[in-house]
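Taking it in order: structure first as structure tokens, then the write-up.
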Amino acid sequence: MTIILSIYIFICIMLVFFDILFIVIKNNRMSRFIPKFDGFRKEVQESFFNYNPKKGLNPIFKKKLTQHISKVKHLVTMQSVYDEVELYKEELGIELSGIVIEFIEVYKKKSLYEQAYYAYVISSYEYPKTPRGQFIIELMSFLDSHSLYVFSNTMNAFYNFNNVTTLLNAIDKCNERGVFYNSKLFVDGLLTFRGDKNELADKLIERFDKYTPYMQENIINFLRLASLKKSDFCYRVLVNQTYSEEVQFAIMRYFGKYPNHESKQYFLDILNQQESSWVKVLLSIQSLEKYKTPDVFQTIKTKITDVNWFVRTSAVKYLYTHNMSKEELDEILRMNDKYTNEALLYQCQDDEDIMRYVMSEIDKLSLESQDMIDLDKGDTVNV
Amino acid sequence: MFDFIYTWFDVETVKTILYYTEIFFIVYLVGYSTFLFVSVVVGSNELFENIKRKRLRNEIHHDFYVPISIVVPAYNEEVTICKTIESLLNLNYRLYEIIIVSDGSTDQTAQRVIEQFELHEVQRPIRKQLACQDKVAVYEGFHSQVKMTLVIKENGGKADAINMGINVSQFPYFVCMDADSILERDSLEKIAVKVLESENVIAVGSMISISNDCKFKNGQLIEQRLPRKLIPALQVLEYERSFLASRILLDKFNANLIVSGAFGLFKKDAVIAVGGYQAGSIGEDMELIVKLHDYHISNGLTYYIKYAYEAVCWTQAPERLRDLLKQRKRWHIGLFQSLISHRTLITKASYIYYLVYELLSPFIELVGLFVTFLAVMFGLLNFEYMLIFFLTYALFGALLTVISYTTRNFLADVKISMKDVLKAFLLCVPENVGMRFILAWTRIFSILFYRGKKTKWGKIKRVDIDYDK
């Protein structure tokens, strides 16, 4: 037992010792990535803060820069000083980008953290002319990385290049790999694209069928959020049942924002079909929100007692916001549907007169129905 | 007095019991020590890596994260509720709503919220996707462009109140938090990043820190220090060890079984799919997480439950021993309920860890005490041996606690005074020996006197912490 105890004590001491040693070593290794306020930083500050776009960077300093930035801590130093620059930042960025892109081979061989940082630096500059050739091929290979950060910083660089063809190639690659971690990253990324969004949209539409349903859905969301009017294309997708349901839903949301006549009929048909799914019915009601025609009004009215809570409340909301008449209001109240009444009360709460009227009618009708129940009960007793 | 012992056991039997018990405890403690050690190493490593990641821009920065509904269930929280809401209104986040659910409070909780934030009553229909008690009234209003909803409902317990909050929420993700907690300004952003990193994230836990005696300005921390009082100070050390160490390690294996009820983010669809919080459950937060694991594993779904240690929530720790014991009793019963009702997870390593080192540990310690007593009765106890063993165990745990405390604060760039470091050194032993011992007994009694379901809220004496000074 003494041996076991000794082993236990030994293990505990070693574990604590290892723990402390580990923390000390880790802390020392951090210095590899943390730039110090050294001579190099001073030189960078001097050059960047006194930058003159007509003269450009001093060739001697430029040479020194190229000697240093293969080490990530110097790249961090350079970038942090660049972030502080206020005067001629754009011009300086253009000149720096020309230097930094030469280091892609070096950084490709480094750790994932360093690759991600390199991609971040690349994404931070302005590019009047998109980089081409080997650099783009190498940068494209960063998209194969299994690091989310390498991937996402590289995509940010592609959005920033303002070149449709390059971005499309990157998107194709993502499509093949089937990665995008979160659709929000993709859609929001497309929205930050600095080039011609309309041209990008046209090219994406051309290749639409090549993409996975996930990408297709996001492309439609991009069209909607970027306010790009592509109704003809969207309608073609809407009526083509071979596209996935999620893509169809995205299209329906698109038409909610940009209604057109053809889609209106399509949505009315969905509302008139008994077998339509509740999501489609709901989206149809929301997509028809901007129409105030009798046919739409009457069709949506049939949905106020739908079994689905969302459909019912959306239908009531539509009717209320489209100024239904007093007769129509009474007609709804006479249905004596608790949930419809609840939805109606919520809609009209900003209008005190209507609210008071609706509440009094509901009370009146519920009293009447209570009388009916009592009458029924009485009958039962008598029998 | 204990002569009957001699009729039950003879010397040889006691020797055999002692022999096997010693072996068991060596294995048990080496297992626990190794777990603690690995946890602290992995936790520290993660914090170092995180600094590196941030410095090298390995992070997702976004202007618009996912929209979030913040659900604050409250029962008789008139002392703290308004300050909590004020801190929520100061969050650095673009799109969120605040939902306060007053669960049949008998004090002025609802009235204070209505008056201070000028809410007005609405006839709002609520779709009950999750079962809960009926609403009594709903109030709404806007503050700093943030929509606020107050639901006054019939009393049904904390789980029931959160379910109501989920029913009322309009966004796809919701945060559940305690009414006496304060979120750091960037905490929503830090917790939401995890969702952007993968669409399969269904829940995210956070770092819970103890606010007692810390200084705040406009709801934000300006000075962190160890509480003056012993009970909350011991809890700080305990929290630091548990959050830095075990949670980060378990996170690596998607094995966290707890997302604290004080602050956690959830995907609404996933929570609705498992039926929401279990009304009647005492540890509703743990029960939900265990249920989410169970549901996703049994249906073969890809999912992640993440731990965002940079998303910090400040909460009040009980200052009185009585309150602490009450709180731990609830937690242990919660753990018991969750583990018992999801036994199918027994093959998961984290389940075994929680079962052996959390649920059963007080009983195992009790067995240890009993065997020690037997050994004393039969004159078989080697005091020197026992003392060395006990001291080794206590010092090892204590040292790891101090390492966790200092490492986390050092790497999180939190300024802690030398006085606090010394205090941590002094308190780590009593935390590991004294508090652990007292809590072990509480946990034993909580299980022994467990009488089925309860829906009452745990009540701890609240202190009016001034988050503006």
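Going by the structure tokens order, chains are called A, B, ..., each with residues numbered from 1, while ligands are numbered from 1 in the order shown.
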Contacts of B:Tyr295 within 8 Å, only C-alpha atoms, excl. fewer than 4 positions in-chain, as an mmCIF file with N, CA and C atoms, in the first residue's frame:
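Writing done, so here's selection_6.cif:
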```cif
data_model
loop_
_atom_site.group_PDB
_atom_site.id
_atom_site.type_symbol
_atom_site.label_atom_id
_atom_site.label_comp_id
_atom_site.auth_asym_id
_atom_site.auth_seq_id
_atom_site.Cartn_x
_atom_site.Cartn_y
_atom_site.Cartn_z
ATOM 1 N N VAL B 274 -37.715 18.954 -28.614
ATOM 2 C CA VAL B 274 -37.629 18.041 -27.458
ATOM 3 C C VAL B 274 -38.679 18.355 -26.397
ATOM 4 N N LYS B 291 -31.512 16.227 -22.398
ATOM 5 C CA LYS B 291 -32.588 15.846 -23.322
ATOM 6 C C LYS B 291 -32.180 16.137 -24.772
ATOM 7 N N ASN B 299 -31.649 10.130 -32.699
ATOM 8 C CA ASN B 299 -32.158 10.334 -34.060
ATOM 9 C C ASN B 299 -31.042 10.477 -35.098
#
```
Find the residues in chain A near chain B: any atom within 8 Å counts, using only C-alpha atoms. Write them as a compact mmCIF listing (two decimals) with N, CA and C atoms, in the first residue's frame.
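Once everything was written out, this is iface.txt:
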```txt
# COMPACT_ATOMS: atom_id res chain seq x y z
N THR A 2 2.00 1.18 0.71
CA THR A 2 2.87 2.34 0.77
C THR A 2 3.38 2.67 -0.64
N ILE A 4 1.77 2.06 -3.45
CA ILE A 4 0.66 2.70 -4.19
C ILE A 4 0.54 4.16 -3.80
N LEU A 5 0.65 4.40 -2.50
CA LEU A 5 0.55 5.78 -2.01
C LEU A 5 1.68 6.63 -2.60
N TYR A 8 0.95 7.44 -6.09
CA TYR A 8 -0.09 8.46 -6.17
C TYR A 8 0.49 9.86 -5.91
N ILE A 9 1.29 9.94 -4.87
CA ILE A 9 1.91 11.24 -4.54
C ILE A 9 2.80 11.70 -5.69
N CYS A 12 0.72 12.96 -8.57
CA CYS A 12 0.15 14.29 -8.28
C CYS A 12 1.21 15.38 -8.43
N ILE A 13 2.38 15.14 -7.87
CA ILE A 13 3.44 16.15 -7.96
C ILE A 13 3.81 16.39 -9.42
N LEU A 15 2.01 15.89 -12.05
CA LEU A 15 0.92 16.55 -12.78
C LEU A 15 0.95 18.06 -12.54
N VAL A 16 1.10 18.43 -11.29
CA VAL A 16 1.14 19.86 -10.96
C VAL A 16 2.36 20.50 -11.62
N ASP A 19 1.85 20.87 -15.25
CA ASP A 19 0.87 21.93 -15.50
C ASP A 19 1.54 23.30 -15.49
N ILE A 20 2.34 23.53 -14.45
CA ILE A 20 3.02 24.83 -14.32
C ILE A 20 4.01 25.02 -15.48
N PHE A 22 3.98 23.65 -18.40
CA PHE A 22 3.23 23.81 -19.64
C PHE A 22 2.81 25.26 -19.83
N ILE A 23 2.29 25.84 -18.75
CA ILE A 23 1.82 27.23 -18.83
C ILE A 23 2.99 28.18 -19.11
N LYS A 26 4.15 27.69 -22.77
CA LYS A 26 3.13 28.26 -23.68
C LYS A 26 3.24 29.78 -23.72
N ASN A 27 3.43 30.34 -22.54
CA ASN A 27 3.53 31.79 -22.44
C ASN A 27 4.74 32.31 -23.23
N MET A 30 4.25 32.28 -26.98
CA MET A 30 3.35 33.32 -27.49
C MET A 30 4.13 34.47 -28.12
N PHE A 33 4.29 35.28 -31.77
CA PHE A 33 3.19 35.94 -32.48
C PHE A 33 2.94 37.36 -32.00
N ILE A 34 3.58 37.72 -30.90
CA ILE A 34 3.30 39.05 -30.35
C ILE A 34 4.45 39.99 -30.71
N VAL A 76 2.22 41.17 -38.58
CA VAL A 76 1.28 41.74 -37.61
C VAL A 76 1.67 43.18 -37.30
N TYR A 113 -3.34 29.19 -38.45
CA TYR A 113 -3.54 30.52 -37.86
C TYR A 113 -2.87 31.57 -38.73
N GLU A 114 -1.64 31.25 -39.14
CA GLU A 114 -0.87 32.22 -39.94
C GLU A 114 -1.47 32.38 -41.34
N ALA A 116 -4.61 32.07 -42.02
CA ALA A 116 -5.82 32.89 -41.86
C ALA A 116 -5.45 34.36 -41.74
N TYR A 117 -4.37 34.62 -41.02
CA TYR A 117 -3.97 36.01 -40.86
C TYR A 117 -3.54 36.61 -42.19
N TYR A 120 -6.47 37.46 -44.08
CA TYR A 120 -7.08 38.66 -43.52
C TYR A 120 -6.37 39.92 -44.05
N LEU A 148 -12.06 27.12 -40.41
CA LEU A 148 -13.15 28.06 -40.71
C LEU A 148 -12.59 29.46 -40.97
N TYR A 149 -11.56 29.82 -40.21
CA TYR A 149 -11.05 31.19 -40.29
C TYR A 149 -10.24 31.42 -41.57
N VAL A 150 -9.48 30.41 -41.99
CA VAL A 150 -8.75 30.54 -43.26
C VAL A 150 -9.79 30.71 -44.37
N SER A 152 -12.99 31.65 -44.18
CA SER A 152 -13.82 32.86 -44.14
C SER A 152 -12.99 34.12 -44.50
N TYR A 181 -20.38 26.60 -43.59
CA TYR A 181 -20.53 26.75 -42.14
C TYR A 181 -21.86 27.37 -41.74
N ASN A 182 -22.16 28.55 -42.26
CA ASN A 182 -23.45 29.17 -41.96
C ASN A 182 -23.87 30.00 -43.16
N SER A 183 -25.12 29.81 -43.59
CA SER A 183 -25.59 30.49 -44.79
C SER A 183 -25.48 32.01 -44.66
N LYS A 184 -25.56 32.48 -43.42
CA LYS A 184 -25.48 33.93 -43.20
C LYS A 184 -24.12 34.47 -43.65
N LEU A 185 -23.08 33.68 -43.42
CA LEU A 185 -21.74 34.13 -43.83
C LEU A 185 -21.68 34.30 -45.34
N TRP A 309 -51.74 28.10 -36.57
CA TRP A 309 -51.74 29.36 -35.84
C TRP A 309 -51.14 30.50 -36.67
N TYR A 339 -59.54 31.89 -31.30
CA TYR A 339 -58.18 32.24 -31.73
C TYR A 339 -58.18 33.37 -32.77
N GLU A 342 -58.75 36.53 -30.91
CA GLU A 342 -57.52 36.93 -30.23
C GLU A 342 -56.58 37.66 -31.20
N ALA A 343 -56.44 37.08 -32.37
CA ALA A 343 -55.56 37.68 -33.39
C ALA A 343 -56.10 39.04 -33.83
N LEU A 345 -57.98 41.10 -32.03
CA LEU A 345 -57.78 42.07 -30.95
C LEU A 345 -56.35 42.61 -30.96
N TYR A 346 -55.40 41.70 -31.24
CA TYR A 346 -53.99 42.12 -31.26
C TYR A 346 -53.75 43.12 -32.38
N GLN A 349 -55.36 46.83 -31.63
CA GLN A 349 -55.18 47.47 -30.33
C GLN A 349 -54.74 48.93 -30.39
```
Checklist entry - Skipping near chain neighbours, those fewer than 4 positions away, what residues fall within 12 Å of stretch 260-277 of chain A using only C-alpha atoms, listed as a PyMOL selection string? => result chain A and resi 229-240+245+248-249+251-256+281-304+306-308+311+315
Export, as a CSV table (one decimal), in the first residue's frame, the selected residues with N, CA and C atoms.
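That gives us out.csv:
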```csv
chain,number,residue,atom,x,y,z
A,229,LYS,N,-33.7,43.1,-59.0
A,229,LYS,CA,-35.0,42.8,-59.6
A,229,LYS,C,-34.7,41.7,-60.7
A,230,LYS,N,-35.0,40.5,-60.3
A,230,LYS,CA,-34.8,39.3,-61.2
A,230,LYS,C,-36.1,38.5,-61.2
A,231,SER,N,-37.2,39.2,-61.3
A,231,SER,CA,-38.5,38.5,-61.2
A,231,SER,C,-38.7,37.4,-62.2
A,232,ASP,N,-38.3,37.6,-63.5
A,232,ASP,CA,-38.6,36.6,-64.5
A,232,ASP,C,-37.9,35.3,-64.2
A,233,PHE,N,-36.6,35.4,-63.8
A,233,PHE,CA,-35.9,34.2,-63.4
A,233,PHE,C,-36.5,33.6,-62.2
A,234,CYS,N,-36.9,34.4,-61.2
A,234,CYS,CA,-37.4,33.8,-60.0
A,234,CYS,C,-38.8,33.1,-60.3
A,235,TYR,N,-39.5,33.7,-61.2
A,235,TYR,CA,-40.8,33.1,-61.5
A,235,TYR,C,-40.6,31.7,-62.1
A,236,ARG,N,-39.6,31.7,-63.0
A,236,ARG,CA,-39.3,30.4,-63.7
A,236,ARG,C,-38.9,29.3,-62.6
A,237,VAL,N,-38.2,29.7,-61.6
A,237,VAL,CA,-37.8,28.7,-60.6
A,237,VAL,C,-39.1,28.4,-59.7
A,238,LEU,N,-39.9,29.4,-59.5
A,238,LEU,CA,-41.1,29.2,-58.6
A,238,LEU,C,-42.0,28.1,-59.2
A,239,VAL,N,-42.2,28.2,-60.5
A,239,VAL,CA,-43.2,27.2,-61.1
A,239,VAL,C,-42.5,25.9,-61.4
A,240,ASN,N,-41.2,25.8,-61.3
A,240,ASN,CA,-40.5,24.6,-61.7
A,240,ASN,C,-40.4,23.7,-60.4
A,245,GLU,N,-37.7,22.4,-51.9
A,245,GLU,CA,-38.8,23.1,-51.2
A,245,GLU,C,-38.2,24.4,-50.6
A,248,GLN,N,-37.9,27.0,-53.1
A,248,GLN,CA,-39.2,27.6,-53.4
A,248,GLN,C,-39.6,28.6,-52.3
A,249,PHE,N,-39.3,28.2,-51.1
A,249,PHE,CA,-39.7,29.1,-50.0
A,249,PHE,C,-38.9,30.5,-50.1
A,251,ILE,N,-37.8,31.8,-52.8
A,251,ILE,CA,-38.4,32.5,-54.0
A,251,ILE,C,-39.7,33.2,-53.5
A,252,MET,N,-40.5,32.5,-52.7
A,252,MET,CA,-41.8,33.1,-52.3
A,252,MET,C,-41.5,34.3,-51.4
A,253,ARG,N,-40.5,34.3,-50.6
A,253,ARG,CA,-40.1,35.5,-49.8
A,253,ARG,C,-39.7,36.6,-50.8
A,254,TYR,N,-39.0,36.2,-51.8
A,254,TYR,CA,-38.5,37.2,-52.8
A,254,TYR,C,-39.7,37.9,-53.4
A,255,PHE,N,-40.8,37.2,-53.7
A,255,PHE,CA,-41.9,37.8,-54.3
A,255,PHE,C,-42.8,38.6,-53.3
A,256,GLY,N,-42.5,38.3,-52.0
A,256,GLY,CA,-43.1,39.1,-50.9
A,256,GLY,C,-42.6,40.5,-51.0
A,281,VAL,N,-48.7,28.1,-47.6
A,281,VAL,CA,-49.9,29.0,-47.4
A,281,VAL,C,-49.5,30.3,-46.7
A,282,LEU,N,-48.7,30.1,-45.7
A,282,LEU,CA,-48.3,31.3,-44.9
A,282,LEU,C,-47.5,32.3,-45.8
A,283,LEU,N,-46.5,31.7,-46.5
A,283,LEU,CA,-45.7,32.5,-47.4
A,283,LEU,C,-46.5,33.2,-48.5
A,284,SER,N,-47.5,32.5,-49.0
A,284,SER,CA,-48.4,33.0,-50.0
A,284,SER,C,-49.2,34.2,-49.4
A,285,ILE,N,-49.7,34.1,-48.2
A,285,ILE,CA,-50.4,35.2,-47.6
A,285,ILE,C,-49.5,36.4,-47.5
A,286,GLN,N,-48.3,36.1,-47.0
A,286,GLN,CA,-47.3,37.2,-46.8
A,286,GLN,C,-46.9,37.8,-48.2
A,287,SER,N,-46.8,37.0,-49.2
A,287,SER,CA,-46.4,37.5,-50.5
A,287,SER,C,-47.5,38.3,-51.1
A,288,LEU,N,-48.7,38.1,-50.7
A,288,LEU,CA,-49.8,38.8,-51.3
A,288,LEU,C,-50.2,40.1,-50.5
A,289,GLU,N,-49.3,40.3,-49.6
A,289,GLU,CA,-49.6,41.5,-48.6
A,289,GLU,C,-49.8,42.8,-49.4
A,290,LYS,N,-49.1,43.0,-50.5
A,290,LYS,CA,-49.2,44.3,-51.2
A,290,LYS,C,-50.4,44.4,-52.1
A,291,TYR,N,-51.1,43.3,-52.3
A,291,TYR,CA,-52.3,43.4,-53.2
A,291,TYR,C,-53.6,43.6,-52.4
A,292,LYS,N,-54.4,44.5,-52.9
A,292,LYS,CA,-55.7,44.8,-52.2
A,292,LYS,C,-56.8,44.6,-53.2
A,293,THR,N,-56.8,43.5,-53.9
A,293,THR,CA,-57.9,43.3,-54.9
A,293,THR,C,-58.9,42.3,-54.2
A,294,PRO,N,-60.2,42.4,-54.6
A,294,PRO,CA,-61.2,41.6,-54.0
A,294,PRO,C,-60.9,40.1,-54.0
A,295,ASP,N,-60.3,39.6,-55.2
A,295,ASP,CA,-60.0,38.2,-55.2
A,295,ASP,C,-59.0,37.7,-54.2
A,296,VAL,N,-58.0,38.6,-54.0
A,296,VAL,CA,-57.0,38.2,-52.9
A,296,VAL,C,-57.7,38.3,-51.6
A,297,PHE,N,-58.5,39.4,-51.3
A,297,PHE,CA,-59.1,39.6,-50.0
A,297,PHE,C,-60.0,38.4,-49.7
A,298,GLN,N,-60.8,38.0,-50.6
A,298,GLN,CA,-61.8,36.9,-50.4
A,298,GLN,C,-61.1,35.6,-50.1
A,299,THR,N,-60.0,35.4,-50.9
A,299,THR,CA,-59.2,34.1,-50.7
A,299,THR,C,-58.6,34.0,-49.4
A,300,ILE,N,-58.0,35.1,-49.0
A,300,ILE,CA,-57.3,35.1,-47.7
A,300,ILE,C,-58.3,35.0,-46.5
A,301,LYS,N,-59.4,35.6,-46.8
A,301,LYS,CA,-60.5,35.5,-45.7
A,301,LYS,C,-60.8,34.1,-45.3
A,302,THR,N,-60.7,33.2,-46.3
A,302,THR,CA,-61.0,31.8,-46.0
A,302,THR,C,-60.0,31.2,-45.1
A,303,LYS,N,-58.9,31.8,-44.9
A,303,LYS,CA,-57.8,31.2,-44.1
A,303,LYS,C,-57.8,31.7,-42.6
A,304,ILE,N,-58.8,32.5,-42.3
A,304,ILE,CA,-58.7,33.1,-40.9
A,304,ILE,C,-59.1,32.0,-39.8
A,306,ASP,N,-58.0,28.8,-40.3
A,306,ASP,CA,-57.1,27.7,-40.6
A,306,ASP,C,-56.6,27.1,-39.3
A,307,VAL,N,-56.3,25.8,-39.4
A,307,VAL,CA,-55.8,25.1,-38.2
A,307,VAL,C,-54.5,25.6,-37.7
A,308,ASN,N,-53.7,26.1,-38.7
A,308,ASN,CA,-52.4,26.6,-38.3
A,308,ASN,C,-52.4,28.0,-37.7
A,311,VAL,N,-50.8,30.8,-40.0
A,311,VAL,CA,-51.6,31.1,-41.1
A,311,VAL,C,-52.8,31.9,-40.7
A,315,ALA,N,-53.5,35.8,-41.8
A,315,ALA,CA,-54.7,36.1,-42.6
A,315,ALA,C,-55.4,37.2,-41.9
```
Checklist entry - Separation of atom CA of B:Phe263 and atom CA of B:Ser206, in Å? => result 6.2 Å
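Here atom CA of B:Leu335 and atom CA of B:Ile166 stand 23.2 Å from one another.
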Next on the checklist: Between B:Ala131, B:Leu339, B:Ile70, B:Ala273, which residue has the minimum interatomic distance to B:Leu183, considering only C-alpha atoms?
Outcome noted: B:Ile70
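Excluding B:Leu360 and any residue on its chain fewer than 2 positions from it, the residues at most 12 Å away by only C-alpha atoms are Tyr28, His332, Ile333, Leu335, Phe336, Leu339, Tyr351, Ile352, Tyr353, Tyr354, Leu355, Val356, Tyr357, Glu358, Pro362, Phe363, Ile364, Glu365, Leu366, Val367, Ala440, Trp441, Arg443, Ile444 and Ile447 of chain B.
Once B:Met148 and its same-chain neighbours fewer than 6 positions away are set aside, Ser69, Ile70, Ile85, Leu89, Tyr96, Glu97, Ile98, Ile99, Ile100, Phe117, Leu119, Tyr139, Glu140, Gly141 and Phe142 of chain B remain within 10 Å of it when counting only C-alpha atoms.
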Item to check | Residues flagged alpha helix (DSSP H) by DSSP in stretch 53-210 of chain B, as a PyMOL selection string | outcome: chain B and resi 53-55+81-89+109-116+158-168+187-197
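Using only C-alpha atoms, the protein and nucleic acid residues lying no more than 9 Å from B:Gly334, apart from those fewer than 4 places from it along its own chain, are Ser281, Ile282, Gly283, Glu284, Asp285, Met286, Glu287, Lys329, Arg330, Ser338 and Leu339 of chain B.
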Any chance you could export the current selection's C-alpha atoms as an mmCIF file, in the first residue's frame?
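Written output follows (part-v9.cif):
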```cif
data_model
loop_
_atom_site.group_PDB
_atom_site.id
_atom_site.type_symbol
_atom_site.label_atom_id
_atom_site.label_comp_id
_atom_site.auth_asym_id
_atom_site.auth_seq_id
_atom_site.Cartn_x
_atom_site.Cartn_y
_atom_site.Cartn_z
ATOM 1 C CA SER B 281 -37.851 19.540 -13.052
ATOM 2 C CA ILE B 282 -35.625 21.160 -10.460
ATOM 3 C CA GLY B 283 -32.472 21.374 -12.530
ATOM 4 C CA GLU B 284 -34.349 22.432 -15.653
ATOM 5 C CA ASP B 285 -31.212 23.760 -17.365
ATOM 6 C CA MET B 286 -29.323 20.503 -17.100
ATOM 7 C CA GLU B 287 -32.416 18.458 -17.891
ATOM 8 C CA LYS B 329 -29.474 20.808 -2.881
ATOM 9 C CA ARG B 330 -31.536 21.919 -5.844
ATOM 10 C CA SER B 338 -31.660 14.441 -15.394
ATOM 11 C CA LEU B 339 -29.329 11.478 -15.193
#
```
